[in-house]
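Asker: File name target26.txt; file contents compact mmCIF, C-alpha atoms; full text below.
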```
# COMPACT_ATOMS: atom_id res chain seq x y z
CA MET A 1 -39.68 30.15 -0.34
CA ALA A 2 -39.52 31.69 3.11
CA GLU A 3 -40.51 29.40 5.94
CA HIS A 4 -43.72 30.34 7.71
CA PRO A 5 -43.37 30.85 11.47
CA ALA A 6 -45.04 28.44 13.86
CA TYR A 7 -48.40 29.50 15.21
CA PRO A 8 -48.18 29.69 19.03
CA VAL A 9 -51.04 28.19 20.99
CA GLY A 10 -51.69 26.82 24.48
CA LEU A 11 -53.11 23.30 24.57
CA ARG A 12 -55.72 22.48 27.21
CA LEU A 13 -55.09 18.78 27.71
CA THR A 14 -57.08 18.03 30.86
CA GLY A 15 -58.60 14.56 30.48
CA ARG A 16 -57.45 14.26 26.88
CA ARG A 17 -55.35 11.38 25.56
CA VAL A 18 -51.66 12.09 25.02
CA VAL A 19 -49.23 9.43 23.79
CA VAL A 20 -45.51 9.51 24.51
CA LEU A 21 -43.28 7.14 22.59
CA GLY A 22 -39.95 6.39 24.25
CA GLY A 23 -39.13 6.34 27.96
CA GLY A 24 -35.75 8.05 27.94
CA GLN A 25 -34.57 11.49 29.00
CA VAL A 26 -36.89 13.36 26.62
CA ALA A 27 -39.88 11.64 28.20
CA GLN A 28 -38.46 12.30 31.66
CA ARG A 29 -38.37 16.02 30.86
CA ARG A 30 -41.77 16.26 29.15
CA LEU A 31 -43.95 13.96 31.23
CA PRO A 32 -44.16 16.07 34.44
CA ALA A 33 -45.61 19.05 32.55
CA LEU A 34 -48.10 16.82 30.73
CA VAL A 35 -49.22 15.27 34.00
CA ALA A 36 -49.47 18.72 35.60
CA ALA A 37 -51.68 19.78 32.67
CA GLY A 38 -54.09 16.97 33.57
CA ALA A 39 -53.48 14.96 30.40
CA ASP A 40 -54.41 11.28 30.21
CA VAL A 41 -50.91 10.07 29.33
CA THR A 42 -49.99 6.72 27.81
CA LEU A 43 -46.31 5.84 27.53
CA VAL A 44 -45.30 3.27 24.93
CA SER A 45 -41.75 2.03 25.44
CA PRO A 46 -40.01 -1.27 26.26
CA SER A 47 -37.92 0.50 28.92
CA ALA A 48 -37.84 3.73 30.88
CA THR A 49 -35.61 5.77 33.14
CA PRO A 50 -36.09 5.22 36.89
CA SER A 51 -37.92 8.56 37.21
CA VAL A 52 -40.34 7.69 34.41
CA GLU A 53 -40.87 4.23 35.86
CA ALA A 54 -41.67 5.83 39.22
CA MET A 55 -44.37 7.94 37.57
CA ALA A 56 -45.92 4.80 36.13
CA ASP A 57 -45.71 3.00 39.48
CA ALA A 58 -47.46 5.96 41.12
CA GLY A 59 -50.30 5.78 38.60
CA GLU A 60 -49.55 9.17 37.05
CA ILE A 61 -49.18 7.63 33.60
CA ALA A 62 -50.16 4.37 31.91
CA TRP A 63 -47.16 2.42 30.63
CA GLN A 64 -47.34 -0.14 27.80
CA ARG A 65 -43.98 -1.93 27.92
CA ARG A 66 -43.40 -2.59 24.25
CA ARG A 67 -42.25 -0.94 21.05
CA TYR A 68 -44.41 1.37 18.99
CA ALA A 69 -47.03 -0.26 16.77
CA ASP A 70 -49.25 1.29 14.14
CA GLY A 71 -52.50 2.44 15.74
CA ASP A 72 -50.94 3.55 19.03
CA LEU A 73 -51.88 7.17 18.34
CA GLU A 74 -55.55 6.44 17.73
CA GLY A 75 -57.70 8.84 19.74
CA ALA A 76 -54.76 10.98 20.80
CA TRP A 77 -54.88 14.76 20.79
CA TYR A 78 -51.13 15.18 21.08
CA ALA A 79 -48.08 12.97 20.71
CA VAL A 80 -44.44 13.14 21.73
CA VAL A 81 -42.25 10.89 19.59
CA ALA A 82 -38.90 10.31 21.25
CA THR A 83 -37.71 6.75 20.70
CA SER A 84 -34.14 5.81 19.75
CA ASP A 85 -35.41 4.11 16.55
CA PRO A 86 -35.56 6.56 13.58
CA GLU A 87 -37.80 4.21 11.59
CA ALA A 88 -40.31 3.96 14.43
CA ASN A 89 -40.24 7.73 14.83
CA ALA A 90 -40.93 8.24 11.14
CA ALA A 91 -43.77 5.70 11.17
CA ALA A 92 -45.36 7.29 14.23
CA SER A 93 -45.01 10.73 12.68
CA ALA A 94 -46.76 9.47 9.54
CA GLU A 95 -49.59 8.00 11.64
CA ALA A 96 -49.96 11.32 13.43
CA GLU A 97 -50.18 13.12 10.09
CA ARG A 98 -52.90 10.74 8.87
CA GLY A 99 -54.84 11.04 12.10
CA ARG A 100 -54.38 14.81 12.41
CA VAL A 101 -52.63 14.46 15.75
CA TRP A 102 -50.23 17.26 16.62
CA CYS A 103 -46.87 15.56 16.96
CA VAL A 104 -43.51 16.56 18.43
CA ARG A 105 -40.40 14.71 17.24
CA SER A 106 -37.23 14.78 19.28
CA ASP A 107 -35.04 13.51 16.43
CA ASP A 108 -36.29 15.69 13.57
CA ALA A 109 -37.99 18.98 14.44
CA ASP A 110 -38.45 19.88 10.76
CA ALA A 111 -40.54 16.74 10.21
CA ALA A 112 -42.76 17.45 13.22
CA THR A 113 -46.13 19.19 13.16
CA ALA A 114 -45.55 20.79 16.58
CA TRP A 115 -42.58 22.14 18.51
CA THR A 116 -42.11 22.23 22.25
CA PRO A 117 -41.25 25.76 23.35
CA ALA A 118 -38.73 26.62 26.04
CA THR A 119 -41.10 27.17 28.94
CA GLY A 120 -40.82 28.87 32.31
CA ARG A 121 -43.23 30.23 34.91
CA ALA A 122 -43.20 33.28 37.12
CA GLY A 123 -45.93 35.04 39.06
CA GLY A 124 -48.80 33.07 37.53
CA VAL A 125 -47.50 33.70 34.00
CA THR A 126 -46.26 30.99 31.64
CA VAL A 127 -43.49 32.13 29.31
CA ALA A 128 -43.07 30.03 26.14
CA VAL A 129 -40.36 30.90 23.60
CA LEU A 130 -40.21 29.63 20.00
CA THR A 131 -37.76 30.62 17.29
CA THR A 132 -39.28 31.67 13.99
CA GLU A 133 -36.60 30.61 11.52
CA ALA A 134 -34.77 27.33 11.08
CA LYS A 135 -31.35 29.00 11.11
CA ASP A 136 -32.09 30.39 14.57
CA ARG A 137 -33.44 27.13 15.98
CA ASP A 138 -30.82 26.71 18.68
CA PRO A 139 -32.42 25.30 21.86
CA ARG A 140 -29.71 26.89 23.99
CA HIS A 141 -30.50 30.34 22.62
CA THR A 142 -34.23 29.78 23.07
CA ALA A 143 -33.71 28.63 26.66
CA ALA A 144 -31.51 31.64 27.37
CA ILE A 145 -34.25 34.01 26.16
CA ARG A 146 -36.79 32.20 28.31
CA ASP A 147 -34.52 32.39 31.35
CA ALA A 148 -33.93 36.10 30.86
CA VAL A 149 -37.65 36.84 30.67
CA VAL A 150 -38.54 34.64 33.64
CA GLU A 151 -35.75 36.12 35.77
CA GLY A 152 -36.92 39.61 34.87
CA LEU A 153 -40.44 38.80 35.96
CA ARG A 154 -39.21 37.25 39.19
CA ASP A 155 -36.90 40.06 40.26
CA ASN A 156 -39.20 42.81 38.93
CA THR A 157 -36.65 44.18 36.45
CA LEU A 158 -39.21 43.32 33.75
CA VAL A 159 -42.42 44.97 34.91
CA ALA A 160 -45.78 45.11 33.17
CA PRO A 161 -48.91 46.82 34.57
CA GLN A 162 -51.18 44.39 36.38
CA HIS A 163 -54.89 44.94 35.91
CA ARG A 164 -56.21 42.06 37.98
CA ILE A 165 -58.00 42.84 41.21
CA LYS A 166 -55.86 42.18 44.25
CA SER A 167 -57.38 40.03 46.95
CA PRO A 168 -57.16 41.73 50.34
CA GLY A 169 -55.67 39.64 53.09
CA VAL A 170 -52.36 38.73 54.64
CA ALA A 171 -49.52 36.56 53.35
CA LEU A 172 -47.14 35.24 55.99
CA VAL A 173 -43.98 35.01 53.88
CA GLY A 174 -40.86 33.20 54.98
CA GLY A 175 -38.04 35.30 53.59
CA GLY A 176 -35.27 32.76 54.16
CA PRO A 177 -32.03 33.17 56.09
CA GLY A 178 -31.03 36.63 54.84
CA ASP A 179 -29.67 36.39 51.30
CA PRO A 180 -32.39 38.02 49.14
CA ASP A 181 -31.88 35.37 46.45
CA LEU A 182 -33.05 32.67 48.88
CA ILE A 183 -36.66 33.85 49.18
CA THR A 184 -39.09 31.61 47.30
CA VAL A 185 -40.46 32.61 43.92
CA ARG A 186 -43.97 32.81 45.36
CA GLY A 187 -42.80 34.91 48.29
CA ARG A 188 -41.06 37.37 46.00
CA ARG A 189 -44.14 37.66 43.80
CA LEU A 190 -46.43 38.38 46.74
CA LEU A 191 -43.95 40.93 48.03
CA ALA A 192 -44.00 42.70 44.67
CA GLU A 193 -47.82 42.84 44.77
CA ALA A 194 -48.14 44.09 48.35
CA ASP A 195 -49.64 47.38 49.48
CA VAL A 196 -48.22 47.03 52.99
CA VAL A 197 -45.16 45.09 54.18
CA ILE A 198 -44.60 44.43 57.89
CA ALA A 199 -40.99 43.29 58.07
CA ASP A 200 -38.74 41.66 60.66
CA ARG A 201 -35.11 42.63 61.15
CA LEU A 202 -34.07 39.08 60.21
CA GLY A 203 -35.96 39.08 56.92
CA PRO A 204 -34.17 39.73 53.59
CA ARG A 205 -33.89 43.50 54.06
CA ASP A 206 -32.39 44.13 50.62
CA LEU A 207 -35.73 43.24 49.03
CA LEU A 208 -37.42 46.19 50.70
CA ASP A 209 -35.40 48.55 48.52
CA GLU A 210 -37.05 47.04 45.44
CA LEU A 211 -40.59 47.91 46.55
CA PRO A 212 -42.47 50.66 44.67
CA PRO A 213 -42.72 54.02 46.44
CA HIS A 214 -46.40 53.61 47.28
CA VAL A 215 -45.81 50.49 49.41
CA GLU A 216 -45.96 51.18 53.14
CA VAL A 217 -43.20 49.41 55.06
CA ILE A 218 -43.69 48.90 58.79
CA ASP A 219 -40.71 47.97 60.93
CA ALA A 220 -41.59 45.12 63.26
CA ALA A 221 -37.98 44.47 64.24
CA LYS A 222 -37.45 42.51 67.41
CA ILE A 223 -33.92 43.50 68.36
CA PRO A 224 -32.58 41.51 71.36
CA TYR A 225 -32.65 43.71 74.49
CA GLY A 226 -33.63 46.74 72.43
CA ARG A 227 -36.71 48.31 70.86
CA TYR A 228 -39.39 45.87 69.83
CA MET A 229 -42.93 45.83 68.56
CA ALA A 230 -45.07 43.67 70.83
CA GLN A 231 -46.65 40.66 69.14
CA GLU A 232 -50.12 41.96 69.88
CA ALA A 233 -49.28 45.21 68.11
CA ILE A 234 -48.04 43.27 65.09
CA ASN A 235 -51.25 41.24 65.02
CA ASN A 236 -53.33 44.41 65.24
CA ALA A 237 -51.36 46.05 62.43
CA LEU A 238 -51.90 43.05 60.17
CA ILE A 239 -55.63 43.03 60.88
CA GLU A 240 -56.05 46.80 60.56
CA HIS A 241 -54.41 47.08 57.15
CA ALA A 242 -56.12 43.97 55.79
CA GLN A 243 -59.52 45.29 56.91
CA GLN A 244 -58.80 48.40 54.83
CA GLY A 245 -58.78 46.15 51.76
CA LYS A 246 -55.02 46.14 51.35
CA ALA A 247 -52.76 43.28 50.30
CA VAL A 248 -50.48 42.79 53.30
CA VAL A 249 -47.24 40.81 53.46
CA ARG A 250 -45.75 39.83 56.80
CA LEU A 251 -42.12 39.31 55.82
CA LYS A 252 -40.34 37.08 58.31
CA GLY A 253 -36.87 35.62 58.48
CA GLY A 254 -36.45 31.90 57.79
CA ASP A 255 -39.74 30.02 57.87
CA PRO A 256 -42.86 31.53 59.51
CA PHE A 257 -43.52 28.40 61.54
CA VAL A 258 -39.98 27.70 62.78
CA PHE A 259 -39.71 29.84 65.93
CA GLY A 260 -41.31 32.64 63.94
CA ARG A 261 -44.63 33.06 65.78
CA GLY A 262 -46.33 32.54 62.44
CA MET A 263 -49.11 30.44 63.90
CA GLU A 264 -49.90 33.10 66.50
CA GLU A 265 -50.40 35.60 63.69
CA ALA A 266 -52.42 33.14 61.61
CA GLN A 267 -54.69 32.45 64.60
CA ALA A 268 -55.23 36.17 65.23
CA LEU A 269 -56.10 36.68 61.56
CA ALA A 270 -58.50 33.73 61.60
CA GLU A 271 -60.29 35.13 64.66
CA ALA A 272 -60.68 38.44 62.83
CA GLY A 273 -61.97 36.72 59.69
CA ILE A 274 -58.98 37.82 57.60
CA PRO A 275 -57.84 35.52 54.76
CA CYS A 276 -54.32 34.28 55.39
CA THR A 277 -51.81 32.62 53.09
CA VAL A 278 -48.71 30.93 54.47
CA VAL A 279 -45.66 30.87 52.22
CA PRO A 280 -42.96 28.58 53.65
CA GLY A 281 -39.40 29.83 53.70
CA ILE A 282 -35.95 28.27 53.82
CA SER A 283 -35.21 27.77 57.48
CA SER A 284 -31.94 29.13 58.82
CA SER A 285 -31.61 25.94 60.86
CA ILE A 286 -30.59 24.08 57.68
CA SER A 287 -29.49 26.74 55.22
CA VAL A 288 -27.07 28.66 57.44
CA PRO A 289 -25.04 25.56 58.42
CA ALA A 290 -25.01 24.54 54.75
CA ALA A 291 -23.73 27.99 53.74
CA ALA A 292 -20.86 27.49 56.21
CA GLY A 293 -20.03 24.04 54.84
CA ILE A 294 -21.77 22.05 57.59
CA PRO A 295 -24.24 19.28 56.69
CA VAL A 296 -26.78 18.77 59.47
CA THR A 297 -26.86 15.08 58.49
CA HIS A 298 -24.13 12.94 56.97
CA ARG A 299 -24.04 9.24 56.19
CA GLY A 300 -22.29 7.32 58.93
CA VAL A 301 -22.07 10.40 61.16
CA ALA A 302 -25.54 11.77 61.94
CA HIS A 303 -28.88 10.16 61.16
CA GLU A 304 -30.98 12.88 62.74
CA PHE A 305 -30.92 16.56 63.59
CA THR A 306 -32.92 18.42 66.20
CA VAL A 307 -33.74 22.12 66.07
CA LEU A 308 -33.95 23.84 69.45
CA SER A 309 -34.82 27.28 70.72
CA GLY A 310 -32.17 28.77 72.98
CA HIS A 311 -33.98 31.96 73.91
CA VAL A 312 -34.39 30.73 77.51
CA ALA A 313 -31.68 28.97 79.51
CA PRO A 314 -31.91 25.30 80.55
CA ASP A 315 -32.51 26.26 84.19
CA ASP A 316 -35.30 28.69 83.31
CA ALA A 317 -38.75 27.52 84.41
CA ARG A 318 -40.15 28.56 81.02
CA SER A 319 -37.92 26.14 79.10
CA LEU A 320 -39.80 23.34 77.33
CA VAL A 321 -36.65 21.54 76.17
CA ASP A 322 -35.67 18.21 77.75
CA TRP A 323 -31.93 18.92 77.87
CA ALA A 324 -31.17 15.57 79.46
CA ALA A 325 -32.73 13.84 76.45
CA MET A 326 -30.88 16.16 74.07
CA ALA A 327 -27.55 15.19 75.66
CA LYS A 328 -28.21 11.53 74.86
CA LEU A 329 -28.83 12.08 71.15
CA THR A 330 -26.01 11.06 68.82
CA GLY A 331 -27.06 13.29 65.93
CA THR A 332 -26.88 17.03 65.35
CA LEU A 333 -28.28 19.75 67.59
CA VAL A 334 -29.09 23.06 65.90
CA ILE A 335 -29.81 25.92 68.27
CA LEU A 336 -31.48 29.16 67.21
CA MET A 337 -31.63 32.33 69.31
CA GLY A 338 -29.09 30.94 71.75
CA VAL A 339 -25.93 33.03 71.47
CA ASP A 340 -26.19 34.64 74.90
CA LYS A 341 -27.26 31.36 76.54
CA ILE A 342 -24.83 28.98 74.84
CA GLY A 343 -22.47 28.79 77.82
CA ARG A 344 -25.25 27.61 80.13
CA ILE A 345 -26.63 25.33 77.43
CA ALA A 346 -23.22 23.71 76.98
CA GLU A 347 -22.88 23.23 80.74
CA ALA A 348 -26.27 21.53 80.88
CA LEU A 349 -25.44 19.19 77.99
CA ILE A 350 -22.12 18.24 79.58
CA ALA A 351 -23.78 17.72 82.97
CA HIS A 352 -26.21 15.29 81.32
CA GLY A 353 -23.44 13.28 79.68
CA LYS A 354 -22.52 15.01 76.43
CA ALA A 355 -18.78 14.81 75.77
CA PRO A 356 -17.00 18.11 76.53
CA ASP A 357 -14.95 17.82 73.31
CA THR A 358 -18.09 17.67 71.13
CA PRO A 359 -17.51 20.07 68.20
CA VAL A 360 -19.51 23.30 68.07
CA ALA A 361 -19.80 25.87 65.28
CA LEU A 362 -21.44 29.28 65.46
CA VAL A 363 -22.40 30.86 62.13
CA GLN A 364 -23.15 34.55 62.45
CA GLU A 365 -25.17 36.48 59.82
CA GLY A 366 -25.39 33.32 57.73
CA THR A 367 -25.81 33.61 53.93
CA THR A 368 -25.10 37.37 53.99
CA SER A 369 -21.95 39.27 53.08
CA ALA A 370 -21.18 39.55 56.81
CA GLN A 371 -21.24 35.79 57.41
CA ARG A 372 -18.54 34.37 59.65
CA ARG A 373 -17.99 31.01 61.30
CA VAL A 374 -16.48 30.47 64.74
CA ASP A 375 -15.57 26.96 65.94
CA ALA A 376 -15.28 25.65 69.50
CA THR A 377 -16.20 22.66 71.66
CA LEU A 378 -18.86 22.30 74.31
CA ALA A 379 -16.18 22.84 76.94
CA THR A 380 -14.91 26.07 75.38
CA VAL A 381 -17.87 27.59 73.55
CA GLY A 382 -18.94 29.94 76.34
CA GLU A 383 -15.52 31.58 76.51
CA VAL A 384 -15.07 31.55 72.73
CA VAL A 385 -18.32 33.43 72.21
CA ARG A 386 -17.14 36.16 74.57
CA ALA A 387 -13.62 36.29 73.18
CA GLU A 388 -14.76 36.39 69.55
CA ASP A 389 -17.66 38.75 70.30
CA VAL A 390 -20.18 36.52 68.51
CA ARG A 391 -23.49 38.34 68.24
CA PRO A 392 -26.98 37.39 67.11
CA PRO A 393 -28.27 36.38 64.71
CA ALA A 394 -26.18 33.24 64.77
CA VAL A 395 -27.02 29.59 64.26
CA ILE A 396 -25.26 27.15 66.59
CA VAL A 397 -24.46 23.62 65.41
CA ILE A 398 -23.39 20.94 67.89
CA GLY A 399 -22.17 17.50 66.85
CA PRO A 400 -19.60 15.59 64.80
CA VAL A 401 -20.96 17.01 61.50
CA VAL A 402 -19.13 20.23 62.41
CA SER A 403 -15.82 18.45 61.92
CA VAL A 404 -16.99 16.73 58.72
CA GLY A 405 -17.66 20.08 57.09
CA ALA A 406 -14.45 21.64 58.38
CA ALA A 407 -12.31 18.75 57.13
CA THR A 408 -13.90 18.76 53.69
CA LEU A 409 -14.47 22.38 52.75
CA THR A 410 -11.86 24.45 54.58
```
Mind converting the file's structure to structure tokens?

Answerer:
Amino acid sequence: MAEHPAYPVGLRLTGRRVVVLGGGQVAQRRLPALVAAGADVTLVSPSATPSVEAMADAGEIAWQRRRYADGDLEGAWYAVVATSDPEANAAASAEAERGRVWCVRSDDADAATAWTPATGRAGGVTVAVLTTEAKDRDPRHTAAIRDAVVEGLRDNTLVAPQHRIKSPGVALVGGGPGDPDLITVRGRRLLAEADVVIADRLGPRDLLDELPPHVEVIDAAKIPYGRYMAQEAINNALIEHAQQGKAVVRLKGGDPFVFGRGMEEAQALAEAGIPCTVVPGISSSISVPAAAGIPVTHRGVAHEFTVLSGHVAPDDARSLVDWAAMAKLTGTLVILMGVDKIGRIAEALIAHGKAPDTPVALVQEGTTSAQRRVDATLATVGEVVRAEDVRPPAVIVIGPVVSVGAATLT
């Protein structure tokens, strides 16, 4: 007789008792989703992985440190049976059957009354994939289908009409260091839903090509020593389009609040009564060095890193950086927007006691196809920048971690 397919359903477990038997890797994978669903979770197991134990210590789950005993599933709405004892699993499964508790079994899916689908999330949608026939019940195949659907939703290659009402307002989206794959999932979703995108030159420009034709793209590029859109004009554009009831995305490079003037824009929007959402991005201060093989911290080498703005020189009255204090630090200095000032910055650090042979790396166009790395020392970096024609955008890393990365990955 042909096997009947499983009936798909979404369980609403908030405040409802769920019992998990076994504290191993299956529990470690399933527990976070159960906790996120608001379930009242009881774990029954004599031992647990460190991650599961940490959840119990944090009060996210109740842990009874013993083996399964008949009656443990009383009052449960759902059970996950995943011990290493087949007899205990069978007994628990039988108790679940008697008590009409939907039960997942990690050791014998055919004996279970419920199956856990391969699950993924994208853009507020949960994708759950189940196979319909026993011969096709390969978890790798199921996971691959899930991944394909989720990836399609995330990169907009799988598009379905959206009928929900968009909320007008502005999203300040950190686009990451430049590689379009390094924008967050939430940022990409909001970008796909936008009516207007006001974009920086340093944002992930490749993503703009994916926008539907009706989306208005406004260039807010701030090119050093070239054309620029004044910050006040950017603020006004954000407010104007949002007041027209449009969903506006301000697409910025890196993170909006790391030398991105994101708070200035958020304050202007607040004063105008415009709803504002901030979507953090991967900061170039960490990601670009990593892409070039440089860890900003490393055990036994650097226990701290400091991110500095180099857009004004050390001797400029507008500078808020205590360069004397920076010279005394033993960790890593990461300088953004400092290519044209690096010679004077290096001189200031040396004058305040930093060793002239301190390693320096400049990573230009980090994470993009045009990325290149140029190495120097504090004593030579000014001349090296001129000789190698290093141009912005480039992230500058100063400290012994530069040599760690070079010795390991080159």

Asker: Residues within 6 Å of segment 72-76 of chain A, please, as a short mmCIF file (atom, residue, chain, number, x, y, z; two decimals) with C-alpha atoms, keeping the file's coordinate frame. Count only C-alpha atoms; anything in the same chain fewer than 3 positions from it doesn't count.

Answerer:
```cif
data_model
loop_
_atom_site.label_atom_id
_atom_site.label_comp_id
_atom_site.auth_asym_id
_atom_site.auth_seq_id
_atom_site.Cartn_x
_atom_site.Cartn_y
_atom_site.Cartn_z
CA ARG A 17 -55.35 11.38 25.56
CA VAL A 18 -51.66 12.09 25.02
CA ALA A 69 -47.03 -0.26 16.77
#
```

Asker: Can you pull out the residues contacting segment 309-319 of chain A? Cut-off 7 Å, using only C-alpha atoms, and skip same-chain residues under 6 positions away; I want them as a compact mmCIF listing (two decimals) with C-alpha atoms, keeping the file's coordinate frame.

Answerer:
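Written out: selection_6.txt:
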```txt
# COMPACT_ATOMS: atom_id res chain seq x y z
CA ILE A 335 -29.81 25.92 68.27
CA LEU A 336 -31.48 29.16 67.21
CA MET A 337 -31.63 32.33 69.31
CA GLY A 338 -29.09 30.94 71.75
CA LYS A 341 -27.26 31.36 76.54
CA ARG A 344 -25.25 27.61 80.13
CA ILE A 345 -26.63 25.33 77.43
CA ALA A 348 -26.27 21.53 80.88
```

Asker: Go through A:Ala268, A:Ile239, A:Val339, A:Val404 one by one, measure the shortest atom-to-atom distance of each to Val384 of chain A using only C-alpha atoms, and give the residue with the smallest value.

Answerer: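 Smallest separation from Val384 of chain A among the options: A:Val339.
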
Asker: Which polymer residues have any atom within 6 Å of an atom of segment 370-383 of chain A, counting all atoms listed in the file, with same-chain residues fewer than 3 positions away left out, as a list in words?

Answerer: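 Near neighbours after the sequence-gap exclusion: Gly343, Ala346, Pro356, Asp357, Thr358, Pro359, Val360, Ala361, Leu362, Val363, Gln364, Glu365, Gly366 and Arg386 of chain A.
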
Asker: Could you write out that same residue set with C-alpha atoms as a PDB file, in the frame of the given file?

Answerer:
```pdb
ATOM      1  CA  GLY A 343     -22.470  28.790  77.820  1.00  0.00           C
ATOM      2  CA  ALA A 346     -23.220  23.710  76.980  1.00  0.00           C
ATOM      3  CA  PRO A 356     -17.000  18.110  76.530  1.00  0.00           C
ATOM      4  CA  ASP A 357     -14.950  17.820  73.310  1.00  0.00           C
ATOM      5  CA  THR A 358     -18.090  17.670  71.130  1.00  0.00           C
ATOM      6  CA  PRO A 359     -17.510  20.070  68.200  1.00  0.00           C
ATOM      7  CA  VAL A 360     -19.510  23.300  68.070  1.00  0.00           C
ATOM      8  CA  ALA A 361     -19.800  25.870  65.280  1.00  0.00           C
ATOM      9  CA  LEU A 362     -21.440  29.280  65.460  1.00  0.00           C
ATOM     10  CA  VAL A 363     -22.400  30.860  62.130  1.00  0.00           C
ATOM     11  CA  GLN A 364     -23.150  34.550  62.450  1.00  0.00           C
ATOM     12  CA  GLU A 365     -25.170  36.480  59.820  1.00  0.00           C
ATOM     13  CA  GLY A 366     -25.390  33.320  57.730  1.00  0.00           C
ATOM     14  CA  ARG A 386     -17.140  36.160  74.570  1.00  0.00           C
TER      15      ARG A 386
END
```

Asker: Just the number, please: distance in Å from atom CA of Pro289 of chain A to atom CA of Gly262 of chain A, one decimal.

Answerer: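 The value is 22.8 Å.
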
Asker: What is the atom CA of Gly245 of chain A to atom CA of Gly152 of chain A distance in Å?

Answerer: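 We find that atom CA of Gly245 of chain A and atom CA of Gly152 of chain A lie 28.4 Å from each other.
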